[in-house]
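J.: Contents of final.csv (CSV, C-alpha atoms):
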chain,number,residue,atom,x,y,z
F,1,MET,CA,24.8,-95.7,-77.3
F,2,THR,CA,23.4,-92.2,-77.0
F,3,SER,CA,20.4,-93.3,-75.0
F,4,ASN,CA,22.6,-95.3,-72.7
F,5,HIS,CA,24.9,-92.3,-72.0
F,6,GLU,CA,21.9,-90.1,-71.4
F,7,ASN,CA,20.5,-92.5,-68.9
F,8,GLU,CA,23.7,-93.0,-67.0
F,9,PRO,CA,23.7,-89.6,-65.3
F,10,LEU,CA,20.1,-90.0,-64.3
F,11,LEU,CA,20.9,-93.4,-62.7
F,12,GLY,CA,23.9,-91.8,-61.1
F,13,ASN,CA,21.8,-89.0,-59.7
F,14,GLN,CA,19.3,-91.5,-58.2
F,15,THR,CA,22.2,-93.3,-56.6
F,16,ASN,CA,23.6,-90.1,-55.2
F,17,ASN,CA,20.1,-89.1,-54.0
F,18,ARG,CA,19.8,-92.4,-52.1
F,19,ASN,CA,23.2,-91.9,-50.6
F,20,LEU,CA,22.3,-88.3,-49.5
F,21,THR,CA,19.1,-89.7,-48.0
F,22,ASP,CA,21.0,-92.3,-46.1
F,23,ASP,CA,23.5,-89.7,-44.9
F,24,THR,CA,20.7,-87.5,-43.8
F,25,LYS,CA,19.1,-90.3,-41.9
F,26,LYS,CA,22.4,-91.1,-40.3
F,27,HIS,CA,23.0,-87.5,-39.4
F,28,SER,CA,19.5,-87.2,-37.9
F,29,LYS,CA,20.2,-90.3,-35.8
F,30,LYS,CA,23.4,-88.7,-34.5
F,31,LYS,CA,21.5,-85.7,-33.3
F,32,ARG,CA,19.4,-88.0,-31.1
F,33,VAL,CA,22.4,-89.3,-29.1
F,34,PRO,CA,21.7,-88.7,-25.4
F,35,PHE,CA,23.7,-86.0,-23.6
F,36,THR,CA,27.0,-87.1,-21.9
F,37,LYS,CA,27.5,-86.9,-18.2
F,38,ARG,CA,29.6,-83.8,-18.6
F,39,GLN,CA,26.9,-82.1,-20.6
F,40,ILE,CA,24.3,-82.9,-18.0
F,41,LEU,CA,26.5,-81.6,-15.2
F,42,THR,CA,27.3,-78.5,-17.2
F,43,PHE,CA,23.6,-77.9,-17.8
F,44,PHE,CA,22.5,-78.2,-14.2
F,45,SER,CA,25.5,-76.2,-12.9
F,46,LEU,CA,24.9,-73.3,-15.2
F,47,GLY,CA,21.2,-73.5,-14.6
F,48,PHE,CA,21.4,-73.4,-10.9
F,49,THR,CA,24.0,-70.6,-11.0
F,50,SER,CA,21.8,-68.6,-13.4
F,51,THR,CA,18.9,-69.0,-11.0
F,52,ILE,CA,20.9,-67.8,-8.0
F,53,GLN,CA,22.4,-64.9,-10.0
F,54,ALA,CA,19.0,-63.7,-11.2
F,55,SER,CA,17.6,-64.1,-7.7
F,56,SER,CA,20.4,-62.0,-6.2
F,57,PHE,CA,19.8,-59.2,-8.7
F,58,ALA,CA,16.0,-59.3,-8.4
F,59,ILE,CA,16.0,-59.6,-4.6
F,60,LEU,CA,15.9,-55.8,-4.0
F,61,THR,CA,12.8,-55.1,-6.1
F,62,PRO,CA,10.0,-55.3,-3.4
F,63,PHE,CA,11.7,-53.1,-0.8
F,64,PHE,CA,14.6,-51.1,-2.1
F,65,PRO,CA,12.7,-48.2,-3.7
F,66,VAL,CA,11.0,-47.5,-0.4
F,67,GLU,CA,14.1,-48.0,1.7
F,68,ALA,CA,16.2,-45.8,-0.7
F,69,ALA,CA,13.5,-43.0,-0.5
F,70,LYS,CA,13.9,-43.1,3.3
F,71,LYS,CA,17.7,-42.7,2.8
F,72,GLY,CA,17.0,-39.5,0.8
F,73,ALA,CA,17.3,-40.8,-2.7
F,74,THR,CA,15.0,-39.2,-5.3
F,75,GLN,CA,12.8,-41.3,-7.6
F,76,SER,CA,15.1,-40.4,-10.6
F,77,GLU,CA,18.2,-41.6,-8.6
F,78,ILE,CA,16.4,-44.8,-7.7
F,79,GLY,CA,15.6,-45.3,-11.4
F,80,PHE,CA,19.3,-44.7,-12.3
F,81,ILE,CA,20.4,-47.2,-9.6
F,82,PHE,CA,18.4,-49.8,-11.3
F,83,GLY,CA,19.2,-48.8,-14.8
F,84,ILE,CA,23.0,-48.4,-14.4
F,85,TYR,CA,23.2,-52.2,-14.0
F,86,SER,CA,21.8,-52.9,-17.5
F,87,LEU,CA,23.7,-50.0,-19.0
F,88,VAL,CA,27.1,-51.3,-17.8
F,89,GLN,CA,26.2,-54.8,-19.0
F,90,PHE,CA,25.4,-53.4,-22.5
F,91,VAL,CA,28.7,-51.5,-22.7
F,92,VAL,CA,31.1,-54.2,-21.4
F,93,SER,CA,29.5,-57.4,-22.7
F,94,PRO,CA,31.1,-57.0,-26.2
F,95,VAL,CA,34.5,-56.3,-24.6
F,96,PHE,CA,34.2,-59.5,-22.5
F,97,GLY,CA,33.1,-61.4,-25.7
F,98,LYS,CA,36.3,-60.2,-27.4
F,99,ILE,CA,38.7,-61.3,-24.6
F,100,LEU,CA,36.8,-64.5,-23.9
F,101,PRO,CA,39.0,-66.7,-26.2
F,102,ARG,CA,42.1,-65.5,-24.4
F,103,VAL,CA,41.0,-66.1,-20.8
F,104,GLY,CA,38.7,-69.0,-21.3
F,105,GLY,CA,35.0,-69.4,-20.6
F,106,LYS,CA,35.4,-71.2,-17.3
F,107,PHE,CA,37.8,-68.6,-15.9
F,108,MET,CA,35.6,-65.7,-17.0
F,109,PHE,CA,32.4,-67.3,-15.7
F,110,ILE,CA,33.8,-68.1,-12.2
F,111,SER,CA,35.5,-64.7,-11.9
F,112,GLY,CA,32.4,-62.9,-12.8
F,113,LEU,CA,30.3,-65.0,-10.4
F,114,TRP,CA,32.8,-64.2,-7.6
F,115,VAL,CA,32.6,-60.4,-8.2
F,116,SER,CA,28.9,-60.4,-8.6
F,117,ALA,CA,28.2,-62.4,-5.5
F,118,GLY,CA,30.6,-60.3,-3.4
F,119,CYS,CA,28.8,-57.1,-4.5
F,120,ASN,CA,25.5,-58.6,-3.5
F,121,VAL,CA,26.8,-59.3,0.0
F,122,LEU,CA,28.3,-55.8,0.3
F,123,PHE,CA,25.1,-54.2,-0.9
F,124,GLY,CA,23.4,-55.5,2.3
F,125,THR,CA,25.8,-53.4,4.4
F,126,LEU,CA,24.6,-50.1,2.8
F,127,ASP,CA,21.9,-49.9,5.4
F,128,LEU,CA,24.6,-48.9,7.9
F,129,LEU,CA,25.2,-45.7,6.0
F,130,GLN,CA,23.6,-42.4,7.0
F,131,PRO,CA,20.9,-40.9,4.7
F,132,GLY,CA,22.3,-38.7,2.0
F,133,GLN,CA,24.4,-38.7,-1.1
F,134,GLN,CA,26.9,-41.2,0.4
F,135,PHE,CA,24.3,-43.9,0.3
F,136,VAL,CA,23.4,-43.1,-3.3
F,137,ILE,CA,27.1,-43.0,-4.4
F,138,TYR,CA,27.9,-46.4,-2.8
F,139,CYS,CA,24.7,-47.9,-4.4
F,140,PHE,CA,26.0,-46.8,-7.8
F,141,VAL,CA,29.5,-48.1,-7.2
F,142,LEU,CA,28.3,-51.6,-6.1
F,143,ARG,CA,25.8,-51.8,-8.9
F,144,ILE,CA,28.4,-50.9,-11.5
F,145,VAL,CA,31.0,-53.4,-10.1
F,146,GLY,CA,28.3,-56.1,-9.7
F,147,ALA,CA,27.1,-55.5,-13.3
F,148,LEU,CA,30.7,-56.1,-14.5
F,149,GLY,CA,30.8,-59.4,-12.8
F,150,SER,CA,27.3,-60.3,-14.0
F,151,ALA,CA,28.2,-59.4,-17.6
F,152,ALA,CA,31.3,-61.5,-17.5
F,153,CYS,CA,29.3,-64.4,-16.1
F,154,SER,CA,26.5,-64.1,-18.6
F,155,THR,CA,28.8,-63.8,-21.6
F,156,ALA,CA,30.8,-66.8,-20.6
F,157,SER,CA,27.7,-68.9,-19.9
F,158,PHE,CA,26.4,-68.3,-23.5
F,159,ALA,CA,29.8,-69.5,-24.8
F,160,LEU,CA,29.8,-72.5,-22.6
F,161,ILE,CA,26.2,-73.4,-23.6
F,162,THR,CA,27.0,-72.9,-27.3
F,163,ASN,CA,30.1,-75.1,-27.2
F,164,SER,CA,28.6,-77.8,-25.0
F,165,PHE,CA,25.4,-78.1,-27.0
F,166,PRO,CA,26.1,-77.2,-30.6
F,167,ASN,CA,23.0,-79.0,-32.0
F,168,ASN,CA,20.5,-77.6,-29.4
F,169,ILE,CA,21.6,-74.0,-29.0
F,170,ALA,CA,18.3,-72.3,-29.0
F,171,GLN,CA,16.6,-74.8,-26.7
F,172,MET,CA,19.5,-74.8,-24.3
F,173,ILE,CA,19.5,-71.0,-24.2
F,174,ALA,CA,15.8,-71.1,-23.7
F,175,TRP,CA,16.4,-73.4,-20.7
F,176,MET,CA,18.9,-71.0,-19.3
F,177,GLU,CA,16.3,-68.3,-19.7
F,178,THR,CA,13.9,-70.5,-17.9
F,179,PHE,CA,16.4,-70.8,-15.0
F,180,GLY,CA,16.8,-67.1,-15.1
F,181,GLY,CA,13.1,-66.7,-15.1
F,182,ILE,CA,12.8,-68.9,-12.0
F,183,GLY,CA,15.4,-66.7,-10.4
F,184,VAL,CA,13.5,-63.5,-11.3
F,185,MET,CA,10.4,-65.3,-10.0
F,186,ILE,CA,11.7,-66.3,-6.6
F,187,GLY,CA,14.2,-63.5,-6.0
F,188,PRO,CA,11.6,-60.8,-5.1
F,189,PHE,CA,9.6,-63.3,-3.1
F,190,ILE,CA,12.7,-64.4,-1.1
F,191,GLY,CA,13.8,-60.8,-0.7
F,192,ALA,CA,10.4,-59.9,0.7
F,193,VAL,CA,10.4,-62.8,3.1
F,194,PHE,CA,13.9,-62.3,4.4
F,195,TYR,CA,13.3,-58.5,4.6
F,196,GLN,CA,10.4,-59.0,6.9
F,197,ILE,CA,12.4,-61.5,9.0
F,198,GLY,CA,15.6,-59.6,9.4
F,199,GLY,CA,15.4,-56.2,7.6
F,200,PHE,CA,17.5,-54.8,4.8
F,201,MET,CA,20.7,-56.9,5.3
F,202,THR,CA,19.3,-60.4,5.5
F,203,PRO,CA,18.2,-61.0,1.9
F,204,PHE,CA,21.5,-59.9,0.5
F,205,PHE,CA,23.6,-61.9,2.9
F,206,PHE,CA,21.5,-65.0,2.3
F,207,LEU,CA,21.5,-65.1,-1.5
F,208,GLY,CA,24.9,-63.5,-1.8
F,209,GLY,CA,26.3,-66.3,0.3
F,210,VAL,CA,24.5,-69.0,-1.8
F,211,CYS,CA,26.0,-67.4,-4.9
F,212,LEU,CA,29.5,-67.5,-3.4
F,213,ALA,CA,28.9,-71.2,-2.6
F,214,CYS,CA,28.4,-71.8,-6.3
F,215,VAL,CA,32.0,-70.8,-7.1
F,216,PRO,CA,33.6,-74.1,-5.9
F,217,LEU,CA,30.7,-76.0,-7.5
F,218,ASN,CA,31.4,-74.6,-10.9
F,219,ILE,CA,35.2,-75.0,-10.5
F,220,LEU,CA,34.6,-78.7,-10.2
F,221,VAL,CA,31.9,-79.2,-12.8
F,222,LEU,CA,32.4,-76.8,-15.7
F,223,PRO,CA,34.5,-77.8,-18.8
F,224,SER,CA,38.1,-76.8,-18.8
F,225,GLN,CA,39.4,-73.8,-20.8
F,226,ARG,CA,40.6,-76.0,-23.7
F,227,GLU,CA,37.1,-77.4,-24.2
F,228,VAL,CA,35.5,-74.0,-24.3
F,229,SER,CA,37.9,-71.6,-26.0
F,230,ARG,CA,37.4,-71.9,-29.7
F,231,GLU,CA,37.7,-69.6,-32.6
F,232,MET,CA,35.3,-66.7,-32.2
F,233,GLY,CA,33.5,-64.8,-35.0
F,234,SER,CA,34.0,-61.1,-35.7
F,235,LEU,CA,31.7,-58.7,-34.0
F,236,ARG,CA,32.4,-56.1,-36.6
F,237,LYS,CA,31.4,-58.5,-39.4
F,238,LEU,CA,28.2,-59.4,-37.5
F,239,LEU,CA,27.2,-55.8,-37.1
F,240,ARG,CA,27.6,-55.2,-40.8
F,241,ILE,CA,24.6,-57.5,-41.4
F,242,PRO,CA,21.5,-55.2,-41.6
F,243,SER,CA,19.1,-57.8,-40.2
F,244,VAL,CA,21.1,-58.1,-37.0
F,245,TRP,CA,20.5,-54.5,-35.8
F,246,PRO,CA,16.7,-54.8,-35.1
F,247,ILE,CA,17.4,-57.9,-33.1
F,248,CYS,CA,20.2,-56.1,-31.1
F,249,ILE,CA,17.7,-53.3,-30.3
F,250,ALA,CA,15.2,-56.0,-29.2
F,251,ILE,CA,17.7,-57.6,-26.9
F,252,MET,CA,18.3,-54.2,-25.3
F,253,MET,CA,14.6,-53.3,-25.0
F,254,VAL,CA,13.5,-56.4,-23.2
F,255,PRO,CA,15.6,-56.0,-20.1
F,256,ALA,CA,14.9,-52.3,-20.2
F,257,GLY,CA,11.2,-53.1,-20.1
F,258,LEU,CA,11.6,-55.3,-17.1
F,259,GLY,CA,13.8,-52.8,-15.4
F,260,PHE,CA,11.0,-50.2,-15.8
F,261,TYR,CA,8.9,-52.4,-13.5
F,262,ASP,CA,11.8,-53.0,-11.1
F,263,ALA,CA,12.3,-49.3,-10.4
F,264,THR,CA,8.6,-48.2,-10.2
F,265,ILE,CA,6.3,-51.1,-9.3
F,266,ALA,CA,6.9,-50.9,-5.5
F,267,LEU,CA,6.2,-47.2,-5.5
F,268,HIS,CA,3.2,-47.6,-7.7
F,269,LEU,CA,1.7,-50.2,-5.3
F,270,GLN,CA,1.9,-48.0,-2.3
F,271,GLN,CA,-1.5,-46.5,-3.2
F,272,PHE,CA,-3.0,-49.9,-2.6
F,273,ASN,CA,-1.3,-50.4,0.8
F,274,VAL,CA,0.3,-53.7,-0.2
F,275,THR,CA,3.1,-55.3,1.8
F,276,PRO,CA,6.6,-56.1,0.3
F,277,LEU,CA,5.5,-59.8,0.4
F,278,THR,CA,2.6,-59.1,-1.9
F,279,THR,CA,5.0,-57.2,-4.3
F,280,GLY,CA,7.3,-60.2,-4.2
F,281,LEU,CA,4.4,-62.5,-5.1
F,282,MET,CA,3.6,-60.3,-8.1
F,283,PHE,CA,7.1,-60.8,-9.5
F,284,LEU,CA,6.8,-64.5,-8.5
F,285,LEU,CA,3.9,-64.7,-10.9
F,286,THR,CA,5.7,-62.8,-13.7
F,287,GLY,CA,8.8,-64.9,-13.5
F,288,GLY,CA,6.8,-68.1,-13.2
F,289,ILE,CA,5.0,-67.4,-16.5
F,290,TYR,CA,8.3,-66.4,-18.1
F,291,ALA,CA,9.9,-69.6,-17.0
F,292,LEU,CA,6.9,-71.7,-17.9
F,293,PHE,CA,6.7,-70.6,-21.5
F,294,SER,CA,10.4,-70.1,-22.3
F,295,PRO,CA,11.0,-73.8,-23.4
F,296,LEU,CA,8.0,-73.5,-25.8
F,297,TRP,CA,9.5,-70.3,-27.3
F,298,GLY,CA,12.8,-72.0,-27.6
F,299,TYR,CA,11.3,-75.0,-29.4
F,300,LEU,CA,9.4,-72.8,-31.8
F,301,ALA,CA,12.5,-70.7,-32.5
F,302,ASP,CA,14.8,-73.7,-32.9
F,303,LYS,CA,12.5,-76.1,-34.9
F,304,LYS,CA,9.9,-73.9,-36.6
F,305,LYS,CA,12.1,-70.8,-37.2
F,306,TYR,CA,9.2,-68.4,-36.3
F,307,THR,CA,11.7,-66.0,-34.8
F,308,ARG,CA,10.6,-62.6,-36.3
F,309,LEU,CA,6.9,-63.3,-35.7
F,310,MET,CA,7.5,-64.3,-32.1
F,311,ILE,CA,9.6,-61.2,-31.4
F,312,GLU,CA,6.9,-58.9,-32.8
F,313,MET,CA,4.2,-60.6,-30.8
F,314,GLY,CA,6.4,-60.3,-27.7
F,315,PHE,CA,6.7,-56.6,-28.0
F,316,ILE,CA,3.0,-56.1,-28.7
F,317,LEU,CA,2.3,-57.9,-25.4
F,318,MET,CA,4.9,-55.9,-23.6
F,319,ALA,CA,3.3,-52.7,-24.9
F,320,ALA,CA,-0.1,-53.9,-23.7
F,321,SER,CA,1.3,-54.6,-20.3
F,322,TYR,CA,2.6,-51.0,-20.0
F,323,LEU,CA,-0.7,-49.6,-21.0
F,324,LEU,CA,-2.6,-51.7,-18.4
F,325,VAL,CA,-0.4,-51.2,-15.4
F,326,GLY,CA,-1.0,-47.5,-14.9
F,327,PRO,CA,-3.5,-47.6,-16.6
F,328,SER,CA,-3.0,-45.4,-19.6
F,329,PRO,CA,-5.6,-42.5,-19.9
F,330,LEU,CA,-6.2,-43.9,-23.4
F,331,LEU,CA,-8.0,-47.0,-22.0
F,332,HIS,CA,-10.4,-45.0,-19.8
F,333,ILE,CA,-10.3,-47.5,-17.0
F,334,LYS,CA,-9.6,-46.9,-13.3
F,335,SER,CA,-6.4,-47.9,-11.6
F,336,SER,CA,-6.8,-51.1,-9.6
F,337,LEU,CA,-4.7,-53.9,-8.1
F,338,GLU,CA,-6.4,-56.3,-10.5
F,339,ASN,CA,-5.0,-54.4,-13.5
F,340,VAL,CA,-1.5,-54.6,-12.0
F,341,TRP,CA,-1.8,-58.4,-11.6
F,342,PHE,CA,-3.1,-58.9,-15.1
F,343,SER,CA,-0.5,-56.6,-16.7
F,344,LEU,CA,2.3,-58.6,-15.0
F,345,VAL,CA,0.9,-61.8,-16.4
F,346,VAL,CA,0.9,-60.3,-19.9
F,347,LEU,CA,4.4,-59.0,-19.3
F,348,GLY,CA,5.7,-62.5,-18.4
F,349,ILE,CA,4.4,-63.9,-21.7
F,350,GLY,CA,5.7,-61.0,-23.7
F,351,LEU,CA,9.2,-61.0,-22.2
F,352,GLY,CA,9.9,-64.6,-23.1
F,353,ASN,CA,8.3,-64.3,-26.5
F,354,GLY,CA,10.3,-61.2,-27.3
F,355,LEU,CA,13.7,-62.4,-25.9
F,356,VAL,CA,14.2,-66.1,-26.4
F,357,PRO,CA,14.0,-66.1,-30.2
F,358,THR,CA,16.5,-63.3,-30.6
F,359,PHE,CA,19.6,-65.5,-30.2
F,360,GLN,CA,18.5,-68.0,-32.8
F,361,ASP,CA,17.5,-65.2,-35.1
F,362,ILE,CA,21.0,-63.6,-34.9
F,363,MET,CA,22.6,-67.0,-35.6
F,364,ILE,CA,20.4,-67.4,-38.7
F,365,SER,CA,21.4,-64.0,-39.9
F,366,ALA,CA,25.1,-64.6,-39.3
F,367,ARG,CA,25.0,-67.8,-41.4
Can the structure in the file be given as structure tokens, please?
T.:
Amino acid sequence: MTSNHENEPLLGNQTNNRNLTDDTKKHSKKKRVPFTKRQILTFFSLGFTSTIQASSFAILTPFFPVEAAKKGATQSEIGFIFGIYSLVQFVVSPVFGKILPRVGGKFMFISGLWVSAGCNVLFGTLDLLQPGQQFVIYCFVLRIVGALGSAACSTASFALITNSFPNNIAQMIAWMETFGGIGVMIGPFIGAVFYQIGGFMTPFFFLGGVCLACVPLNILVLPSQREVSREMGSLRKLLRIPSVWPICIAIMMVPAGLGFYDATIALHLQQFNVTPLTTGLMFLLTGGIYALFSPLWGYLADKKKYTRLMIEMGFILMAASYLLVGPSPLLHIKSSLENVWFSLVVLGIGLGNGLVPTFQDIMISAR
């Protein structure tokens, strides 16, 4: 009797293990269910909009620093005009995340898209202003308001992606980063082409108009508020997790690193007598590499969980890019156009490697 009783739990455990194995197999099969039509439409709608949004922001990189200098703006003011955009996004994004459940992801996304697109169109009219502080002030105003719209749009897009693709969050975010990378890639190139065709106004009117056209598209395609607005976690509780803070700093530093190039690369390239079109091609290369490798980084973060190692490698590559572009006196090499091209290649790899895994890493820490 004793031996029988002792064996019963073991047999029971074997049965339970088999049941767990069967459940695991069933669960894994469920994950392989193809995306629904609504998910596919949401994916492409958000992806196309992200591309246009990023293009509209990056469009001014090849020519604005030079044009702003002609209008009397100092180099520090030009840097602040670029930097204020990211600063505003950093400050207001948590606020938008807090009010997101109340207004709904779709409403916030479309509203932000409308404001951001309108500011891009209005930015093209600044060329009509006389040189002086008036030009600088209006640049700041439109960049601040545009950043508010972009922050609302970006915050809502992450919520829409998270709720629409709960089993593929890191990969879907990586694809959104890919679309954004494509936008960053083609934005300066389109800006340079349209700048040479029609001057300062033309690039902003073109891409701003396309961005506005995305508003009715997203109204028709994106999920309704009820499908998106779900219970949100506490930001305060999230920030109490020590491992989250280094990742938050990383998320801030990556756009800041790209913004460093946005504000300075056109002025740096003047010594080589390159055209705005060549400057646009350089950013085309950086964005292309960023977009090309982002799905790989998303796969490694989502499936292999190499998030911390990837982030560290990304920042090492970004640091190498900054040392090469000048170049740094520590390297004892001469400044050349080839160094700039190579540094932008390294930057494209480092940006994706440093940014894409951060979202998955925060979710791992939050669990």
J.: Please report the interatomic distance between atom CA of Thr125 of chain F and atom CA of Gly198 of chain F in Å with one decimal.
T.: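 So the two atoms, atom CA of Thr125 of chain F and atom CA of Gly198 of chain F, lie 12.9 Å apart.
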J.: Separation of atom CA of Lys106 of chain F and atom CA of Thr42 of chain F, in Å?
T.: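 So the answer is 10.9 Å.
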J.: Can you work out the spacing between atom CA of Leu323 of chain F and atom CA of Leu347 of chain F in Å, to one decimal?
T.: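 Atom CA of Leu323 of chain F sits 10.8 Å away from atom CA of Leu347 of chain F.
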J.: Would you list the contacts of Ala291 of chain F as a VMD selection string, taking every protein, DNA or RNA residue within 7 Å and counting only C-alpha atoms, but skipping same-chain residues closer than 4 positions in sequence?
T.: chain F and resid 178 to 179 181 to 182 287
J.: I need the residue nearest Pro131 of chain F from this list: F:Gly72, F:Gly112, F:Gly104, F:Pro94. Use only C-alpha atoms for the distance.
T.: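 Residue with the minimum atom-to-atom distance to Pro131 of chain F: F:Gly72.
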J.: Given the choices F:Thr155, F:Thr51, F:Asn218, F:Thr36, which gets closest to Ile99 of chain F if the distance is worked out from all atoms listed in the file?
T.: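 For Ile99 of chain F, the nearest of the candidates is F:Thr155.
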J.: Would you mind listing, for every residue of segment 118-173 of chain F within 8 Å of segment 77-88 of chain F, the two atoms forming the shortest contact and the distance between them in Å to one decimal, using only C-alpha atoms, sorted by chain and ascending residue number, as a tab-separated table?
T.:
residue	atom	partner	partner_atom	distance
F:Val136	CA	F:Glu77	CA	7.6
F:Cys139	CA	F:Ile81	CA	6.8
F:Phe140	CA	F:Ile81	CA	5.9
F:Arg143	CA	F:Tyr85	CA	5.7
F:Ile144	CA	F:Tyr85	CA	5.9
F:Gly146	CA	F:Tyr85	CA	7.7
F:Ala147	CA	F:Tyr85	CA	5.2
F:Leu148	CA	F:Val88	CA	6.8
J.: Under the rule that only C-alpha atoms are counted, which of F:Phe165, F:Phe260, F:Phe315, F:Phe96 is the nearest residue to Ile40 of chain F?
T.: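 Answer, going by the shortest atom-to-atom distance: F:Phe165.
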J.: With all atoms listed in the file as the basis for distance, which of F:Ile241, F:Pro203, F:Val91, F:Cys153 is at the shortest distance from Phe189 of chain F?
T.: F:Pro203
J.: Smallest atom-to-atom distance to Ser116 of chain F: which of F:Thr307, F:Thr162, F:Asn168, F:Gln53, using only C-alpha atoms?
T.: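 Once distances to Ser116 of chain F are computed over only C-alpha atoms, the minimum belongs to F:Gln53.
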J.: Give me the residues near segment 263-279 of chain F as a ChimeraX atom specification, where near means some atom within 8 Å (using only C-alpha atoms) and where sequence neighbours in that chain fewer than 3 positions away do not count.
T.: /F:61-63,65-66,78-79,82,188-189,192-193,259-260,282-283,337
J.: With only C-alpha atoms as the counted atoms, please give the residues lying no more than 12 Å from Gln130 of chain F, apart from itself and same-chain residues fewer than 6 positions off, as a PyMOL selection string.
T.: chain F and resi 68+70-73+136-138
